[in-house]
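Trainee: Can you read through this structure? Questions will come right after.
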Amino acid sequence: MKFKSKLASGLVIAGLSIMMSTSAFAWNEGGGEKDEAMHLTPDLENGREVYEVCSACHYPEGWGTEDGTFPQLAGQYRAVLIKQLADIRERNRDNPTMYPFALPESIGDAQALADVVEYISTLPMNPDNGKGQWAEGTAEFTQGKKLYDDNCVKCHGDHGQGDKVKFYPRIEGQHYKYMLRQFEWIRDGKRRNANPDMVKQIKAFSDKDMQMVINYVSRIKVDKKDLAPSKDWKNPDFD
Amino acid sequence: MSKKLILSIAAVCLSTAMGSAQALDGAALFKNPQKGGCTACHGKDAKSPIMPMYPKLAGQNSAYLLQQLKDIKSGKRNNGMTAAMKGIMHMVNDDEMKAISDYLATLKP
């Protein structure tokens with residue numbers, strides 16, 4: 001981890017956060033650190049160094065934990081990762097456990113943000129993500145698919161691929177329990193950076209609807225080229 | 001089918017028997033993301049915390065550590081900083097907390 005130019009970057013961030021806080025209430029307004037990070041040329045080597053501390057929770061492979069405490073980061077779009085990190089840093093998305101790691105003192109400036117996100121984007125996805133309880137062929141699976149097709153496709157795509165240009169997260173391959181928690185928080189207004197149109201779309205979802213649709217998402221088959229060769233794959237960059 | 005069932009029952013029995021008989025590896029638990037990723041905040045050596053105001057743990061006595069872990073998990077200990085750690089405490093049980101505390105107590109402060 002690098003602490004160089006801590007003061008300078010602290011000042012830059014302070015300035016940026018004043019700029020950003022004026023727009024804190026609209027979903028994903030442009031500008032600020034997020035835009036800056038997105039347009040910098042990333043340094044992969046530094047990204048690997050920054051990622052070391054993240055790996056203590058998200059695993060060196062970026063696969064998170066099946067119990068959903070730590071999400072999988074591998075496979076997620078750079079734009080989405082940057083937005084989420086910036087939101088956590090701005091306290092726009094509550095994450096007390098990770099908050100210290102999103103701070104400029106631990107990650108660094110917008111450049112470091114760009115670097116770590118670039119590094120994460122090189123990681124192949126977990127071929128064995130945590131899944132819901134209803135296998136294909138059950139009534140719940142089928143109903144979940146229907147709910148997905150009717151309510152989610154326009155933003156998260158026909159197979160959960162999301163949309164990197166619009167900051168819509170990729171959700172295929174993510175752990176069931178993590179998604180269930182996020183979905184519930186989005187529905188109930190606890191995740192403050194949520195997309196207001198998604199909130200509207202899922203307002204009427206019962207708990208059972210929620211479990212069925214997320215069960216379906218957790219069972220979407222991710223394209224093999226994005227997956228690690230096996231669930232025992234280890235990231236050779238870390239021991 | 002029945003053979004498979006018997007086998008898996010045997011496996012379950014074995015693994016529970018092992019779980020209680022075999023000493024848990026506190027060092028491994030302390031570093032395992034599956035068990036909360038303690039090193040992220042407290043440092044790999046348990047004495048270089050990520051934030052200057054977070055506690056160093058190396059060399060502290062085991063009984064004290066164990067009691068703090070239990071209190072943080074139950075919510076009895078709850079100050080402005082506890083929230084950071086509370087979110088991962090569901091990942092460790094009493095035996096694991098004991099093993100980690102014993103391990104931390106063996107480290108040089």
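The way I read the labels, and the way they are meant: chains A, B, ... in the order of the structure tokens, residue 1 as the first residue of every chain, and ligand 1 as the first ligand shown, with later ones counted on from there.
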For Gly43 of chain B, please output as number ranges by chain all residues within 12 Å (counting only C-alpha atoms; exclusion window: fewer than 6 positions along the same chain).

Mentor: A: 52-53, 56; B: 30-31, 37, 49-52, 54-58, 104

Trainee: Per residue of chain A within 8 Å of chain B, record the nearest atom pair and its distance in Å to one decimal, counting only C-alpha atoms, with rows in chain order and ascending residue number, as JSON lines.

Mentor:
{"residue": "A:Val53", "atom": "CA", "partner": "B:Ala40", "partner_atom": "CA", "distance": 6.0}
{"residue": "A:Cys54", "atom": "CA", "partner": "B:Ala40", "partner_atom": "CA", "distance": 7.3}
{"residue": "A:Ala56", "atom": "CA", "partner": "B:Ala40", "partner_atom": "CA", "distance": 5.2}
{"residue": "A:Cys57", "atom": "CA", "partner": "B:Pro33", "partner_atom": "CA", "distance": 4.8}
{"residue": "A:His58", "atom": "CA", "partner": "B:Pro33", "partner_atom": "CA", "distance": 7.1}
{"residue": "A:Tyr59", "atom": "CA", "partner": "B:Pro33", "partner_atom": "CA", "distance": 6.5}
{"residue": "A:Thr65", "atom": "CA", "partner": "B:Gln34", "partner_atom": "CA", "distance": 6.4}
{"residue": "A:Thr69", "atom": "CA", "partner": "B:Ile88", "partner_atom": "CA", "distance": 7.4}
{"residue": "A:Pro96", "atom": "CA", "partner": "B:Ala84", "partner_atom": "CA", "distance": 4.8}
{"residue": "A:Thr97", "atom": "CA", "partner": "B:Ala84", "partner_atom": "CA", "distance": 4.2}
{"residue": "A:Met98", "atom": "CA", "partner": "B:Ala84", "partner_atom": "CA", "distance": 7.3}
{"residue": "A:Tyr99", "atom": "CA", "partner": "B:Ala84", "partner_atom": "CA", "distance": 7.8}
{"residue": "A:Pro100", "atom": "CA", "partner": "B:Met51", "partner_atom": "CA", "distance": 7.3}
{"residue": "A:Ser106", "atom": "CA", "partner": "B:Ile50", "partner_atom": "CA", "distance": 7.5}

Trainee: Can you pull out the residues contacting Lys131 of chain A? Cut-off 8 Å, using only C-alpha atoms, and skip same-chain residues under 5 positions away; I want them as a list in words.

Mentor: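 With the cut-off at 8 Å, the set is His175, Tyr176, Lys177, Asn215, Ser218 and Arg219 of chain A.
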
Trainee: Export all heavy atoms of the chosen residues as a PDB file, in the first residue's frame?

Mentor:
ATOM      1  N   HIS A 175     -22.887 -13.805  -5.644  1.00  0.00           N
ATOM      2  CA  HIS A 175     -23.396 -14.688  -4.596  1.00  0.00           C
ATOM      3  C   HIS A 175     -24.853 -14.357  -4.246  1.00  0.00           C
ATOM      4  O   HIS A 175     -25.210 -13.192  -4.066  1.00  0.00           O
ATOM      5  CB  HIS A 175     -22.548 -14.570  -3.334  1.00  0.00           C
ATOM      6  CG  HIS A 175     -21.121 -14.957  -3.540  1.00  0.00           C
ATOM      7  ND1 HIS A 175     -20.753 -16.241  -3.871  1.00  0.00           N
ATOM      8  CD2 HIS A 175     -19.972 -14.227  -3.491  1.00  0.00           C
ATOM      9  CE1 HIS A 175     -19.428 -16.289  -4.004  1.00  0.00           C
ATOM     10  NE2 HIS A 175     -18.936 -15.081  -3.783  1.00  0.00           N
ATOM     11  N   TYR A 176     -25.642 -15.417  -4.117  1.00  0.00           N
ATOM     12  CA  TYR A 176     -27.067 -15.269  -3.803  1.00  0.00           C
ATOM     13  C   TYR A 176     -27.300 -14.420  -2.560  1.00  0.00           C
ATOM     14  O   TYR A 176     -28.089 -13.479  -2.561  1.00  0.00           O
ATOM     15  CB  TYR A 176     -27.663 -16.677  -3.617  1.00  0.00           C
ATOM     16  CG  TYR A 176     -29.082 -16.696  -3.096  1.00  0.00           C
ATOM     17  CD1 TYR A 176     -30.154 -16.455  -3.948  1.00  0.00           C
ATOM     18  CD2 TYR A 176     -29.358 -16.980  -1.757  1.00  0.00           C
ATOM     19  CE1 TYR A 176     -31.460 -16.482  -3.483  1.00  0.00           C
ATOM     20  CE2 TYR A 176     -30.660 -17.006  -1.280  1.00  0.00           C
ATOM     21  CZ  TYR A 176     -31.709 -16.758  -2.148  1.00  0.00           C
ATOM     22  OH  TYR A 176     -33.000 -16.787  -1.677  1.00  0.00           O
ATOM     23  N   LYS A 177     -26.601 -14.752  -1.480  1.00  0.00           N
ATOM     24  CA  LYS A 177     -26.907 -14.084  -0.211  1.00  0.00           C
ATOM     25  C   LYS A 177     -26.512 -12.613  -0.220  1.00  0.00           C
ATOM     26  O   LYS A 177     -27.153 -11.789   0.415  1.00  0.00           O
ATOM     27  CB  LYS A 177     -26.239 -14.815   0.954  1.00  0.00           C
ATOM     28  CG  LYS A 177     -26.943 -16.124   1.244  1.00  0.00           C
ATOM     29  CD  LYS A 177     -26.454 -16.748   2.527  1.00  0.00           C
ATOM     30  CE  LYS A 177     -27.203 -18.027   2.810  1.00  0.00           C
ATOM     31  NZ  LYS A 177     -26.369 -18.980   3.561  1.00  0.00           N
ATOM     32  N   ASN A 215     -32.788 -15.958  -6.737  1.00  0.00           N
ATOM     33  CA  ASN A 215     -32.420 -17.354  -6.986  1.00  0.00           C
ATOM     34  C   ASN A 215     -32.148 -17.551  -8.481  1.00  0.00           C
ATOM     35  O   ASN A 215     -31.126 -18.133  -8.866  1.00  0.00           O
ATOM     36  CB  ASN A 215     -33.551 -18.276  -6.542  1.00  0.00           C
ATOM     37  CG  ASN A 215     -33.298 -19.742  -6.882  1.00  0.00           C
ATOM     38  OD1 ASN A 215     -32.469 -20.380  -6.259  1.00  0.00           O
ATOM     39  ND2 ASN A 215     -33.989 -20.255  -7.900  1.00  0.00           N
ATOM     40  N   SER A 218     -28.893 -15.893  -9.509  1.00  0.00           N
ATOM     41  CA  SER A 218     -27.697 -16.592  -9.027  1.00  0.00           C
ATOM     42  C   SER A 218     -27.408 -17.851  -9.839  1.00  0.00           C
ATOM     43  O   SER A 218     -26.320 -18.404  -9.769  1.00  0.00           O
ATOM     44  CB  SER A 218     -27.852 -16.953  -7.539  1.00  0.00           C
ATOM     45  OG  SER A 218     -28.775 -18.022  -7.371  1.00  0.00           O
ATOM     46  N   ARG A 219     -28.420 -18.300 -10.593  1.00  0.00           N
ATOM     47  CA  ARG A 219     -28.243 -19.518 -11.378  1.00  0.00           C
ATOM     48  C   ARG A 219     -28.057 -19.267 -12.873  1.00  0.00           C
ATOM     49  O   ARG A 219     -27.982 -20.211 -13.664  1.00  0.00           O
ATOM     50  CB  ARG A 219     -29.440 -20.457 -11.138  1.00  0.00           C
ATOM     51  CG  ARG A 219     -29.425 -21.068  -9.758  1.00  0.00           C
ATOM     52  CD  ARG A 219     -30.681 -21.827  -9.425  1.00  0.00           C
ATOM     53  NE  ARG A 219     -30.550 -22.458  -8.112  1.00  0.00           N
ATOM     54  CZ  ARG A 219     -29.940 -23.624  -7.905  1.00  0.00           C
ATOM     55  NH1 ARG A 219     -29.432 -24.312  -8.922  1.00  0.00           N
ATOM     56  NH2 ARG A 219     -29.843 -24.119  -6.690  1.00  0.00           N
TER      57      ARG A 219
END

Trainee: Which residues are close to Glu49 of chain A, i.e. within 12 Å by only C-alpha atoms, leaving aside same-chain residues fewer than 6 positions away? Reply as JSON, numbers by chain.

Mentor: {"A": [1, 2, 3, 43, 55, 60, 106, 107, 108, 112, 113, 115, 116, 117, 118, 119, 120, 237, 238]}

Trainee: Do a neighbour search on Arg170 of chain A at 6 Å with only C-alpha atoms, toss out local chain neighbours closer than 6 positions, and write the hits as a ChimeraX atom specification.

Mentor: /A:76,160-162

Trainee: By how many Å are atom CA of Ser121 of chain A and atom CA of Pro229 of chain A apart?

Mentor: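 Straight-line distance from atom CA of Ser121 of chain A to atom CA of Pro229 of chain A works out to 16.5 Å.
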
Trainee: One number please: atom CA of Lys190 of chain A to atom CA of Trp134 of chain A, in Å, one decimal.

Mentor: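 Separation of atom CA of Lys190 of chain A and atom CA of Trp134 of chain A: 26.8 Å.
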
Trainee: Near Asn93 of chain B, within 10 Å and counting only C-alpha atoms, which residues show up once chain neighbours fewer than 3 positions away are dropped, as a VMD selection string?

Mentor: chain B and resid 35 70 73 89 to 90 96 to 98

Trainee: Please provide as a list of chain:residue names all residues within 8 Å of segment 198-211 of chain A, with the sequence filter that same-chain residues fewer than 6 positions apart are discarded (counting only C-alpha atoms).

Mentor: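 The residues satisfying every condition are A:Gly132, A:Gly144, A:Leu147, A:Asn151, A:Leu180, A:Phe183, A:Glu184, A:Ile186, A:Arg187, A:Gly189.
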
Trainee: So how many Å separate atom CA of Pro42 of chain A and atom CA of Ala114 of chain A, to one decimal?

Mentor: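 Rounded to one decimal, the two atoms are 5.5 Å apart.
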